Structures are given as C-alpha cells and as structure tokens.
Amino acid sequence: MREDETLAACMALCLYEALECPDMGSEGYFNHCRGLIALIQSRGHEVHSSGAGHRLFLGVRVPEILFSLKHHTSTVFLDSTWMEQPWIGIPKTSHDRVIDCLAQAFVILERVRSLPHLSIIEQINLLHCLIGECWQIDKQLDVTYDEMVRSALDALYWQVPSQTEPLVDSEDSGNLFPVCFCFLNAQAAATLMLLWATRTMLWSGLSNMYEYLESMLSFENSSCGAIEPELDQGSTAEVRGTFNSIDRCGEYLSMAHRVCQSVEYFLKDDMLLAGPLSVSPALGIVVDSLRNRPGHGREISWIQAALEVVRRKGLGVLQDVDI
C-alpha cells in the first residue's frame, strides 16, 4: 500500500469518477477521494516529501481542503505536520502558499460558528481575535503576490477583450465581463485565480464579521456599562479602531470579478482538461462566498453558467454538485 503506483491508481479512479460520473452522481467520486485520503494518511508524510509521492499528494490537497470547508469536517491535511513536512526538502511554490492560506479558513469558520453559543462579551472578544487572524492571512497573500511579481520576467496578467459569447446576457445588464485576462503562463494563472478566490472568501467573511461586530458593540453600548471592563485587552475603542480596514475588505466583489475574468483563459480548447480542473475550485469558492452576501445575483448566475460550461467540457461530477 506504500507504493506510489497504488496511490496513482487510486487517483486515476478519482479522476475517472470526476470526468465520467458513471453513476450519474458525485457519491462515487467522493468515496474514492475519501479512500485516497486514508491511503495517503496511512503512508505517512515522509513518503510525500519528494518525487512522485509529493506530486500525487499535491494533486489531492486542494480537493480535500475544499471538501472540508464545504462539509464542515476536519481533515488530516490541516494538521501542522501535513502543512509543513511534505515540503521538508522542497521549497513551497506560490501556489502552495496560497493553498496554505485557504487551509487556514477552516479553523476560522469553525470558530465563527461557535459565536451564537457565547455571551456578548465573548463574542466581541472572539470577533476581534478572528478579524486580526484574517488580516494576517491577507498579509500572507500580499507577500505571495509580491514575490510572484518580483520573480516574473514580465507582467503576470493583462486585460484583453473577451472573444466568447456572454455566458449571461440580459437587456438590463449586458455582457457582465466584456474584458478578460491573459496570463504570463498557466501556472501563474492558476495561482492568481486561486489567490483571488481565497481573498474573495476572506474579504467577504471579514465584511460579515465587521457587520456582526458592529451589532454586538451597539447592543453592548445600549446595555449596562458594567460589562465593559470584562473585555480582553482588545477594548471597545480598540475594536472600533480595526474598522479602518473595512474599506479594503469591502472590495471582495472586485476579487470575485477577477476570478470570473480569468475563466475564458482556462476554457480555451488548448487547455484540454487542465482548464476545467483548474477553474472549478476557484469558481466554487467564489459562488459560496457571494451567496453569503446580498445583491450579487448577476455574478452568481454568471458563475453557475460558467460551471455548466466546465461540466460540458468534461467535468461530469459537477452535474450532481449544488452550485
């Protein structure tokens, strides 16, 4: 069971289920994925730190993290050992570091779900803490992007007129994305698209937390002032001071638009299956993020239409996934 060939065979079965979806449903795909994760865990991190084992591990890392986020279930890939040891002798790429940021979302979301079970003061303190952690992740994304820019020989991406028919077109909105992006290369494209998708999730989540925090602070201020001294070192004034960053996270829709403007690049015929496999995770992250914020019906409809194109290009498992 420790041979790379066994793991590769399991991954081939997962890919077959994703592309062909023979049972007209996603259950077969997810069953193979769960078996694949169990096999990786039983092999141990040491056999995934180089060569084919490392590449096979990378191939399943993003799907497993996304599955955990969507179904609120933890995964061994979120443990510190599996976040670091597979790279013990290999430097992390920019793509790896973006995935690290994405992986951190699971713990934050689980703590957000605990808020209704806490007192007002505990909610304020936890929100203050979570907001700070989110901005630390945002800084990590900034560092990764800056490193990509410095190491590139040319511009990472640029705008060009869209060459395809609008996915969603109506009299009141017209073509939602008449301009799309070209990229320096496919690796840069995949990394930037996932970075923008991760930032969409991060900033939209921050917007939700700021709004919830404001409601908690208003409630706390209108109630007995005796509870204010119980606040942690992040006092009410300090918490309010964090609101100077709200304008930045309010730009989450611009990040979502960048993801959408990247789709055309990935769906070109010469991308073959690499295009659909690259674009579907980012679109899934964005559509789930926008659903939690009001007023984004056009973008959601556009993404759903784009995912239908992805399905027709070969990713059959999407026909049984709620998008």
# chains A, B, ... in the order shown; residues from 1 in each chain; ligands from 1

$ residues_around --residues "range 244-255 of chain A" --least-positions-apart "2" --cutoff "8 Å" --atoms "only C-alpha atoms" --output "count of residues only"
16

$ residues_around --residues "range 126-129 of chain A" --least-positions-apart "2" --cutoff "7 Å" --atoms "only C-alpha atoms" --output "list of chain:residue names"
A:Glu122, A:Gln123, A:Ile124, A:Ile131, A:Gly132, A:Glu133, A:Met209, A:Leu213, A:Val239

$ write_last_selection --atoms "N, CA, C and O atoms" --output "CSV table (one decimal), in the first residue's frame"
chain,number,residue,atom,x,y,z
A,122,GLU,N,-18.0,37.6,25.1
A,122,GLU,CA,-17.2,36.6,24.5
A,122,GLU,C,-17.2,36.7,23.0
A,122,GLU,O,-16.2,36.5,22.3
A,123,GLN,N,-18.4,37.0,22.5
A,123,GLN,CA,-18.5,37.2,21.0
A,123,GLN,C,-17.6,38.4,20.5
A,123,GLN,O,-17.0,38.3,19.5
A,124,ILE,N,-17.7,39.5,21.2
A,124,ILE,CA,-16.9,40.6,20.8
A,124,ILE,C,-15.4,40.3,20.9
A,124,ILE,O,-14.6,40.6,19.9
A,131,ILE,N,-10.8,38.6,13.4
A,131,ILE,CA,-10.6,39.7,12.4
A,131,ILE,C,-9.0,39.9,12.3
A,131,ILE,O,-8.5,40.0,11.2
A,132,GLY,N,-8.4,39.9,13.4
A,132,GLY,CA,-6.9,40.0,13.4
A,132,GLY,C,-6.2,38.9,12.7
A,132,GLY,O,-5.3,39.1,11.9
A,133,GLU,N,-6.7,37.7,12.9
A,133,GLU,CA,-6.2,36.5,12.2
A,133,GLU,C,-6.4,36.5,10.7
A,133,GLU,O,-5.6,36.2,9.9
A,209,MET,N,-18.1,39.7,9.4
A,209,MET,CA,-17.7,39.8,10.8
A,209,MET,C,-17.7,41.2,11.3
A,209,MET,O,-18.1,41.5,12.5
A,213,LEU,N,-19.9,42.4,14.4
A,213,LEU,CA,-19.3,43.0,15.5
A,213,LEU,C,-19.9,44.4,15.8
A,213,LEU,O,-20.1,44.7,16.9
A,239,VAL,N,-11.3,47.8,19.4
A,239,VAL,CA,-12.1,47.0,18.4
A,239,VAL,C,-12.6,47.9,17.3
A,239,VAL,O,-12.5,47.7,16.2

$ closest_residue --among "A:Glu5, A:Glu46, A:Glu64, A:Asp79" --to "His32 in chain A" --atoms "only C-alpha atoms"
A:Glu64

$ select_by_dssp --residues "range 118-218 of chain A" --states "alpha helix (DSSP H)" --output "PyMOL selection string"
chain A and resi 120-151+186-218

$ closest_residue --among "A:Tyr16, A:Phe266, A:Tyr145, A:Tyr157" --to "Cys33 in chain A" --atoms "only C-alpha atoms"
A:Tyr16

$ closest_residue --among "A:Ala9, A:Ile303, A:Met193, A:Cys14" --to "Leu176 in chain A" --atoms "only C-alpha atoms"
A:Ile303

$ closest_residue --among "A:Leu115, A:Ser50, A:Leu58, A:Ala306" --to "Ile90 in chain A" --atoms "only C-alpha atoms"
A:Ser50

$ atom_distance --atom1 "CA of Val279 in chain A" --atom2 "CA of Ile88 in chain A"
28.8 Å

$ atom_distance --atom1 "CA of Leu272 in chain A" --atom2 "CA of Phe30 in chain A"
23.2 Å

$ residues_around --residues "Pro281 in chain A" --least-positions-apart "3" --cutoff "8 Å" --atoms "only C-alpha atoms" --output "PDB file with N, CA and C atoms, in the first residue's frame"
ATOM      1  N   PRO A  63      -8.635  19.548  -3.435  1.00  0.00           N
ATOM      2  CA  PRO A  63      -9.979  18.954  -3.315  1.00  0.00           C
ATOM      3  C   PRO A  63     -10.339  18.566  -1.883  1.00  0.00           C
ATOM      4  N   LEU A  66     -11.114  21.777   0.165  1.00  0.00           N
ATOM      5  CA  LEU A  66     -12.413  22.327  -0.236  1.00  0.00           C
ATOM      6  C   LEU A  66     -13.555  21.464   0.278  1.00  0.00           C
ATOM      7  N   LEU A 194      -6.636  31.242  -7.864  1.00  0.00           N
ATOM      8  CA  LEU A 194      -6.907  30.717  -6.536  1.00  0.00           C
ATOM      9  C   LEU A 194      -6.657  31.780  -5.461  1.00  0.00           C
ATOM     10  N   LEU A 277     -10.324  21.541 -14.720  1.00  0.00           N
ATOM     11  CA  LEU A 277      -9.860  21.097 -13.403  1.00  0.00           C
ATOM     12  C   LEU A 277      -9.292  22.261 -12.590  1.00  0.00           C
ATOM     13  N   SER A 278      -8.728  23.256 -13.257  1.00  0.00           N
ATOM     14  CA  SER A 278      -8.160  24.412 -12.558  1.00  0.00           C
ATOM     15  C   SER A 278      -9.223  25.420 -12.160  1.00  0.00           C
ATOM     16  N   GLY A 284     -16.056  27.637  -7.379  1.00  0.00           N
ATOM     17  CA  GLY A 284     -16.833  27.137  -6.256  1.00  0.00           C
ATOM     18  C   GLY A 284     -16.641  27.971  -5.005  1.00  0.00           C
ATOM     19  N   ILE A 285     -15.405  28.377  -4.739  1.00  0.00           N
ATOM     20  CA  ILE A 285     -15.118  29.226  -3.585  1.00  0.00           C
ATOM     21  C   ILE A 285     -15.850  30.559  -3.708  1.00  0.00           C
TER      22      ILE A 285
END

$ select_by_dssp --residues "range 92-193 of chain A" --states "strand (DSSP E)" --output "list of chain:residue names"
A:Tyr157, A:Trp158, A:Gln159, A:Val160, A:Pro161, A:Val179, A:Cys180, A:Phe181, A:Cys182, A:Phe183

$ closest_residue --among "A:Pro161, A:Gly53, A:Gly35, A:Gly275" --to "Pro178 in chain A" --atoms "only C-alpha atoms"
A:Pro161

$ residues_around --residues "Val160 in chain A" --least-positions-apart "2" --cutoff "8 Å" --atoms "only C-alpha atoms" --output "VMD selection string"
chain A and resid 158 162 179 to 182

$ write_last_selection --atoms "C-alpha atoms" --output "PDB file, in the first residue's frame"
ATOM      1  CA  TRP A 158      -3.197  41.819 -18.558  1.00  0.00           C
ATOM      2  CA  SER A 162     -13.439  38.857 -24.425  1.00  0.00           C
ATOM      3  CA  VAL A 179     -12.901  42.229 -20.711  1.00  0.00           C
ATOM      4  CA  CYS A 180     -10.997  39.124 -19.600  1.00  0.00           C
ATOM      5  CA  PHE A 181      -7.434  38.321 -18.535  1.00  0.00           C
ATOM      6  CA  CYS A 182      -4.485  36.763 -20.301  1.00  0.00           C
TER       7      CYS A 182
END

$ closest_residue --among "A:Leu156, A:Leu78, A:Leu13, A:Ile300" --to "Arg61 in chain A" --atoms "only C-alpha atoms"
A:Leu78

$ atom_distance --atom1 "CA of Glu308 in chain A" --atom2 "CA of Gln163 in chain A"
18.4 Å
